[in-house]
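Text of target24.cif (mmCIF, C-alpha atoms) as supplied:
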```
data_model
loop_
_atom_site.label_atom_id
_atom_site.label_comp_id
_atom_site.auth_asym_id
_atom_site.auth_seq_id
_atom_site.Cartn_x
_atom_site.Cartn_y
_atom_site.Cartn_z
CA MET A 1 -5.16 8.41 17.81
CA ILE A 2 -1.86 9.90 16.60
CA ALA A 3 -1.15 6.72 14.65
CA TYR A 4 -4.41 7.09 12.67
CA ILE A 5 -3.49 10.67 11.76
CA MET A 6 0.10 9.76 10.77
CA CYS A 7 -1.36 7.02 8.61
CA PHE A 8 -3.56 9.54 6.81
CA ILE A 9 -0.58 11.89 6.35
CA LEU A 10 1.24 9.00 4.64
CA PHE A 11 -1.81 8.61 2.38
CA LEU A 12 -1.73 12.34 1.57
CA VAL A 13 1.99 12.11 0.73
CA GLY A 14 1.19 9.34 -1.77
CA LEU A 15 -1.68 11.39 -3.23
CA TYR A 16 0.66 14.39 -3.59
CA GLY A 17 3.12 12.19 -5.48
CA VAL A 18 0.46 10.83 -7.83
CA ILE A 19 -0.79 14.34 -8.64
CA THR A 20 2.47 16.28 -8.97
CA ARG A 21 5.05 13.85 -10.43
CA ARG A 22 5.47 13.59 -14.19
CA ASN A 23 7.51 10.37 -14.16
CA LEU A 24 5.67 7.08 -14.60
CA ILE A 25 7.91 5.22 -12.11
CA LYS A 26 7.33 7.90 -9.48
CA ILE A 27 3.57 7.63 -10.04
CA ALA A 28 3.71 3.84 -9.55
CA VAL A 29 5.79 4.32 -6.36
CA SER A 30 3.28 6.87 -5.02
CA LEU A 31 0.39 4.50 -5.73
CA SER A 32 2.06 1.73 -3.74
CA ILE A 33 2.66 4.19 -0.87
CA MET A 34 -1.07 4.98 -0.82
CA GLU A 35 -1.80 1.25 -0.78
CA ILE A 36 0.59 0.71 2.14
CA SER A 37 -1.06 3.44 4.23
CA THR A 38 -4.46 1.81 3.69
CA PHE A 39 -3.15 -1.60 4.82
CA LEU A 40 -1.70 -0.04 7.96
CA PHE A 41 -4.97 1.77 8.72
CA PHE A 42 -7.04 -1.43 8.53
CA THR A 43 -4.60 -3.30 10.75
CA LEU A 44 -4.63 -0.46 13.30
CA ILE A 45 -8.44 -0.63 13.49
CA GLY A 46 -8.30 -4.30 14.52
CA TYR A 47 -5.60 -3.92 17.15
CA ILE A 48 -6.42 -4.60 20.82
CA ASP A 49 -4.12 -3.67 23.69
CA GLY A 50 -2.73 -6.80 25.30
CA GLY A 51 -4.20 -9.01 22.60
CA VAL A 52 -2.27 -11.85 21.04
CA ALA A 53 -1.99 -12.91 17.41
CA PRO A 54 -5.24 -14.67 16.34
CA ILE A 55 -3.92 -18.22 16.63
CA VAL A 56 -6.08 -20.38 18.91
CA ASP A 57 -4.39 -21.99 21.87
CA PRO A 58 -6.74 -24.70 23.25
CA THR A 59 -4.96 -24.82 26.61
CA ASP A 60 -5.76 -21.18 27.42
CA PRO A 61 -9.26 -20.28 26.15
CA VAL A 62 -9.64 -16.92 27.94
CA LYS A 63 -6.98 -15.17 25.87
CA VAL A 64 -7.85 -11.94 24.04
CA TYR A 65 -7.18 -12.11 20.31
CA VAL A 66 -6.74 -9.14 18.02
CA ASP A 67 -9.47 -8.75 15.39
CA PRO A 68 -8.84 -11.33 12.61
CA LEU A 69 -11.29 -9.79 10.09
CA PRO A 70 -9.25 -6.71 9.03
CA GLN A 71 -6.20 -8.95 8.84
CA ALA A 72 -7.97 -11.35 6.47
CA LEU A 73 -9.10 -8.36 4.39
CA VAL A 74 -5.58 -6.91 4.20
CA LEU A 75 -4.13 -10.33 3.32
CA THR A 76 -6.32 -10.36 0.20
CA ALA A 77 -5.56 -6.72 -0.59
CA ILE A 78 -1.77 -7.17 -0.40
CA VAL A 79 -1.82 -9.91 -3.04
CA ILE A 80 -4.15 -7.91 -5.30
CA GLY A 81 -1.79 -4.95 -4.83
CA LEU A 82 1.09 -7.06 -6.14
CA ALA A 83 -0.99 -8.00 -9.19
CA THR A 84 -1.85 -4.37 -9.98
CA THR A 85 1.77 -3.25 -9.50
CA ALA A 86 3.04 -5.96 -11.85
CA MET A 87 0.44 -4.97 -14.45
CA LEU A 88 1.35 -1.28 -14.11
CA MET A 89 5.05 -2.05 -14.49
CA ALA A 90 4.39 -4.11 -17.63
CA VAL A 91 2.50 -1.18 -19.18
CA ILE A 92 5.33 1.18 -18.18
CA ILE A 93 7.96 -1.05 -19.81
CA ARG A 94 5.94 -1.09 -23.04
CA LEU A 95 5.58 2.70 -22.99
CA TYR A 96 9.32 3.11 -22.40
CA ARG A 97 10.20 0.79 -25.27
CA LYS A 98 7.88 2.67 -27.61
CA TYR A 99 8.69 6.27 -26.63
CA GLY A 100 12.10 6.03 -24.92
CA THR A 101 11.04 8.09 -21.91
CA PHE A 102 9.11 7.85 -18.62
CA ASP A 103 7.97 11.48 -18.74
CA ILE A 104 4.22 11.66 -19.36
CA ARG A 105 4.47 15.19 -20.84
CA GLU A 106 6.87 14.00 -23.53
CA ILE A 107 4.78 10.91 -24.19
CA LYS A 108 1.79 13.19 -24.71
CA ASN A 109 3.76 15.44 -27.11
CA LEU A 110 5.15 12.54 -29.13
CA ARG A 111 1.72 11.06 -29.77
CA GLY A 112 0.30 11.11 -33.29
CA MET B 1 1.84 1.26 21.16
CA ASP B 2 0.32 4.41 19.68
CA LEU B 3 3.62 6.28 20.02
CA THR B 4 5.78 3.41 18.68
CA ILE B 5 3.62 3.02 15.59
CA SER B 6 3.58 6.80 15.09
CA ILE B 7 7.39 6.96 15.13
CA ILE B 8 7.68 4.16 12.57
CA VAL B 9 5.02 5.79 10.38
CA GLY B 10 6.91 9.08 10.65
CA PHE B 11 9.96 7.25 9.36
CA MET B 12 7.81 5.86 6.53
CA ILE B 13 6.63 9.39 5.67
CA PHE B 14 10.25 10.54 5.34
CA GLY B 15 10.99 7.55 3.12
CA ALA B 16 7.93 8.31 1.01
CA LEU B 17 8.88 11.98 0.61
CA TYR B 18 12.39 10.96 -0.41
CA ALA B 19 11.00 8.40 -2.87
CA ILE B 20 8.87 11.11 -4.47
CA HIS B 21 11.64 13.73 -4.69
CA ALA B 22 14.79 11.69 -5.48
CA ARG B 23 16.52 12.60 -8.75
CA ASP B 24 17.74 9.05 -9.41
CA LEU B 25 14.91 6.62 -10.07
CA LEU B 26 16.82 3.73 -8.47
CA SER B 27 16.98 5.59 -5.12
CA SER B 28 13.30 6.36 -5.47
CA VAL B 29 12.44 2.68 -5.90
CA ILE B 30 14.69 1.59 -3.03
CA ALA B 31 13.07 4.21 -0.75
CA CYS B 32 9.69 2.75 -1.70
CA GLY B 33 11.01 -0.64 -0.59
CA LEU B 34 12.03 0.95 2.72
CA VAL B 35 8.43 2.08 3.27
CA GLY B 36 7.22 -1.47 2.58
CA TYR B 37 9.68 -3.09 4.96
CA SER B 38 8.78 -0.61 7.73
CA LEU B 39 5.20 -1.78 7.22
CA VAL B 40 6.39 -5.32 8.04
CA ILE B 41 7.70 -4.07 11.42
CA CYS B 42 4.35 -2.35 12.06
CA PHE B 43 2.50 -5.59 11.28
CA LEU B 44 4.68 -7.52 13.71
CA LEU B 45 4.05 -4.94 16.46
CA LEU B 46 0.30 -5.04 15.73
CA LYS B 47 0.23 -8.83 16.24
CA ALA B 48 -0.36 -9.76 12.61
CA PRO B 49 2.33 -12.34 11.77
CA ASP B 50 0.54 -13.69 8.68
CA LEU B 51 0.43 -10.22 7.16
CA ALA B 52 4.11 -9.68 7.99
CA ILE B 53 5.12 -12.86 6.15
CA VAL B 54 3.00 -12.05 3.09
CA GLN B 55 4.08 -8.40 3.01
CA ILE B 56 7.80 -9.20 3.19
CA VAL B 57 7.49 -11.62 0.24
CA VAL B 58 5.29 -9.28 -1.81
CA ASP B 59 7.48 -6.28 -1.09
CA THR B 60 10.60 -8.11 -2.20
CA ILE B 61 8.92 -9.16 -5.45
CA THR B 62 7.66 -5.61 -6.07
CA LEU B 63 11.15 -4.23 -5.42
CA ILE B 64 12.70 -6.73 -7.85
CA ILE B 65 10.18 -5.88 -10.57
CA MET B 66 10.66 -2.12 -10.10
CA VAL B 67 14.47 -2.35 -10.03
CA ALA B 68 14.38 -4.47 -13.19
CA VAL B 69 12.26 -1.83 -14.92
CA VAL B 70 14.44 1.07 -13.74
CA LEU B 71 17.76 -0.56 -14.63
CA ASP B 72 16.45 -1.09 -18.14
CA SER B 73 16.06 2.68 -18.61
CA SER B 74 18.03 5.92 -18.37
CA ARG B 75 17.26 6.20 -14.60
CA GLU B 76 17.09 9.99 -14.63
CA GLU B 77 14.14 12.17 -13.97
CA SER B 78 13.89 15.41 -15.90
CA TYR B 79 14.00 18.32 -13.47
CA LEU B 80 10.68 19.91 -12.64
CA LYS B 81 11.05 23.66 -12.12
CA LEU B 82 8.35 25.51 -10.21
CA ASP B 83 6.99 28.72 -11.76
CA THR B 84 4.38 31.10 -10.29
CA GLN B 85 1.56 28.83 -11.45
CA GLY B 86 3.32 25.93 -9.74
CA TYR B 87 3.56 27.79 -6.42
CA ILE B 88 -0.14 28.70 -6.53
CA SER B 89 -0.98 25.04 -7.19
CA ALA B 90 1.28 23.92 -4.33
CA VAL B 91 -0.38 26.30 -1.87
CA THR B 92 -3.83 25.15 -3.00
CA ALA B 93 -2.77 21.52 -2.61
CA ILE B 94 -1.45 22.07 0.93
CA PHE B 95 -4.67 23.89 1.86
CA LEU B 96 -6.81 21.07 0.46
CA GLY B 97 -4.64 18.52 2.27
CA LEU B 98 -5.14 20.29 5.60
CA LEU B 99 -8.89 20.47 4.93
CA LEU B 100 -8.97 16.70 4.23
CA LEU B 101 -6.94 16.10 7.40
CA TYR B 102 -9.47 18.14 9.43
CA PHE B 103 -12.46 16.16 8.12
CA TYR B 104 -10.52 12.94 8.75
CA THR B 105 -9.85 13.85 12.39
CA VAL B 106 -13.56 14.58 12.80
CA SER B 107 -14.57 11.29 11.20
CA ILE B 108 -12.20 9.04 13.17
CA GLN B 109 -13.99 10.11 16.36
CA SER B 110 -16.65 7.53 15.48
CA LEU B 111 -14.02 4.76 15.45
CA ASP B 112 -12.92 2.94 18.57
CA VAL B 113 -9.82 4.37 20.25
CA LEU B 114 -6.65 2.60 19.12
CA GLY B 115 -6.19 -0.57 21.16
CA LYS B 116 -9.80 -0.73 22.37
CA SER B 117 -11.45 -2.39 19.38
CA SER B 118 -14.84 -3.79 20.39
CA LEU B 119 -14.92 -6.71 17.88
CA ARG B 120 -18.52 -6.00 16.90
CA MET B 121 -18.55 -8.32 13.92
CA ALA B 122 -15.53 -10.54 14.59
CA LYS B 123 -17.11 -11.88 17.81
CA HIS B 124 -19.24 -14.33 15.83
CA TYR B 125 -16.27 -15.34 13.69
CA ILE B 126 -14.04 -15.98 16.69
CA GLU B 127 -16.56 -18.00 18.75
CA GLY B 128 -15.78 -21.64 18.08
CA ALA B 129 -14.00 -20.81 14.84
CA ALA B 130 -11.27 -23.34 15.59
CA GLN B 131 -13.87 -26.13 15.82
CA LYS B 132 -15.91 -24.88 12.84
CA THR B 133 -13.02 -24.48 10.42
CA GLY B 134 -10.51 -26.92 11.86
CA SER B 135 -7.81 -24.25 11.62
CA ALA B 136 -5.99 -22.97 14.69
CA ASN B 137 -5.07 -19.79 12.83
CA LEU B 138 -8.19 -17.60 12.77
CA VAL B 139 -6.96 -15.49 9.83
CA THR B 140 -6.54 -18.53 7.57
CA GLY B 141 -9.88 -19.79 8.92
CA VAL B 142 -11.58 -16.59 7.72
CA VAL B 143 -9.72 -16.40 4.41
CA PHE B 144 -10.09 -20.01 3.32
CA ASP B 145 -13.33 -21.08 5.00
CA PHE B 146 -15.77 -18.27 5.83
CA ARG B 147 -14.71 -16.21 2.85
CA GLY B 148 -13.53 -19.01 0.57
CA TYR B 149 -15.30 -17.68 -2.55
CA ASP B 150 -13.57 -14.34 -2.03
CA THR B 151 -10.23 -16.09 -2.03
CA MET B 152 -11.17 -17.94 -5.21
CA GLY B 153 -11.98 -14.59 -6.81
CA GLU B 154 -8.61 -13.30 -5.66
CA ALA B 155 -6.90 -16.25 -7.34
CA VAL B 156 -8.84 -15.47 -10.54
CA VAL B 157 -7.66 -11.85 -10.36
CA LEU B 158 -4.05 -13.01 -9.93
CA VAL B 159 -4.26 -15.35 -12.93
CA THR B 160 -5.83 -12.58 -15.00
CA ALA B 161 -3.03 -10.20 -14.01
CA VAL B 162 -0.36 -12.74 -14.98
CA LEU B 163 -2.09 -13.32 -18.34
CA GLY B 164 -2.31 -9.55 -18.83
CA VAL B 165 1.40 -9.07 -18.10
CA LEU B 166 2.30 -11.88 -20.51
CA THR B 167 0.07 -10.35 -23.21
CA ILE B 168 1.49 -6.86 -22.76
CA LEU B 169 5.11 -7.99 -22.69
CA ARG B 170 4.81 -10.28 -25.73
CA LEU B 171 7.30 -8.86 -28.18
CA ARG B 172 5.44 -9.31 -31.42
CA GLY B 173 1.73 -9.61 -32.02
CA LYS B 174 0.21 -12.46 -33.99
CA LYS B 175 0.26 -11.96 -37.74
#
```
Translate this structure into structure tokens?
Amino acid sequence: MIAYIMCFILFLVGLYGVITRRNLIKIAVSLSIMEISTFLFFTLIGYIDGGVAPIVDPTDPVKVYVDPLPQALVLTAIVIGLATTAMLMAVIIRLYRKYGTFDIREIKNLRG
Amino acid sequence: MDLTISIIVGFMIFGALYAIHARDLLSSVIACGLVGYSLVICFLLLKAPDLAIVQIVVDTITLIIMVAVVLDSSREESYLKLDTQGYISAVTAIFLGLLLLYFYTVSIQSLDVLGKSSLRMAKHYIEGAAQKTGSANLVTGVVFDFRGYDTMGEAVVLVTAVLGVLTILRLRGKK
């Protein structure tokens, strides 16, 4: 159970970064750290001691496979995570070109 | 297995803390890449080779995008000095974090112990899945056959994201 708890601590570290940092790049990095901890948590749930990767071997039908469902879920989530990160980075580039800074306090002050 | 994964995740936590506190943005981004690549090792240990392959590709692409963005800028973060208000907020945040951690430890009691997953739902997916889907790899069987519409939706999301990035990065708007 230690692994579950470490996983949640990683999530809390990401949350701390999102809340306290004032730099847009740091916020994006913290978001991807939160994402990563969630992926790890789902994969941990499906793990079975002594199981093998879920690839069927017809010659040995009594094998124990690890749970394929969380893995399928995480496979989808990883790709969506890439899409959101790319989108976020595009917005950040635009903000930097317009305001010349990554600092959200300065961006707020410069507005209007 | 529990201990091995915990050590790697501890390493990831250090990388994450460094990524959040580094003064140079390039180091911050590289440390984020370190966390992602450690996740690949975890996936391999947890018997998820498909995820490891996808994650290593995705992490490399993310790292390239982030480095490209950072190199295009001044790379420095303005220093954040803590005042009294800041210390009070930090203490409150640590307290709230510990509270969340407590509720989390209570709630994971209802999960199966690590390594003893009971495959409540996956049992029906695994039984005869190779014959039903014609795919020896159960993960691809689930992604492309049982949950094919989900995957189509994922593809739609990807295309939308690419269109969004192209729209945002277009230099000049239409007259």
* To do: Might you spell out which residues the PyMOL selection byres ((chain B) within 6 of (chain A)) would select in the displayed file, as JSON, numbers by chain?
  => {"B": [2, 6, 13, 20, 47, 48, 51, 115, 116, 117, 136, 137, 138, 139, 143, 158, 161, 165]}
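Neighbouring residues of Asp24 (chain B) at 8 Å or closer, counting all atoms listed in the file and skipping chain neighbours under 6 positions away, are Arg75, Glu76 and Glu77 of chain B.
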* For Leu110 (chain A), work out the shell of residues within 10 Å, counting all atoms listed in the file and skipping chain neighbours fewer than 5 positions away, then give it as a PyMOL selection string. => chain A and resi 99+104-105
Let me have the centre and edge lengths in Å, one decimal, of the box along x, y and z around every listed atom of region 57-71 of chain A with 4 Å of margin on each side, as JSON.
```
{"center_x": -7.8, "center_y": -15.8, "center_z": 18.4, "size_x": 14.9, "size_y": 26.1, "size_z": 27.1}
```
* Asked: To one decimal place, how far is CA of Ile41 (chain B) from CA of Ala68 (chain B) in Å?
  -> 25.5 Å
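Each of B:Val91, B:Val69, B:Gly128, B:Gly153 was checked against Leu95 (chain A) using only C-alpha atoms; the smallest atom-to-atom distance is that of B:Val69.
Computed from the coordinates, the CA of Gly33 (chain B) to CA of Gly15 (chain B) distance equals 9.0 Å.
Here CA of Ala130 (chain B) is placed at a distance of 17.9 Å from CA of Pro49 (chain B).
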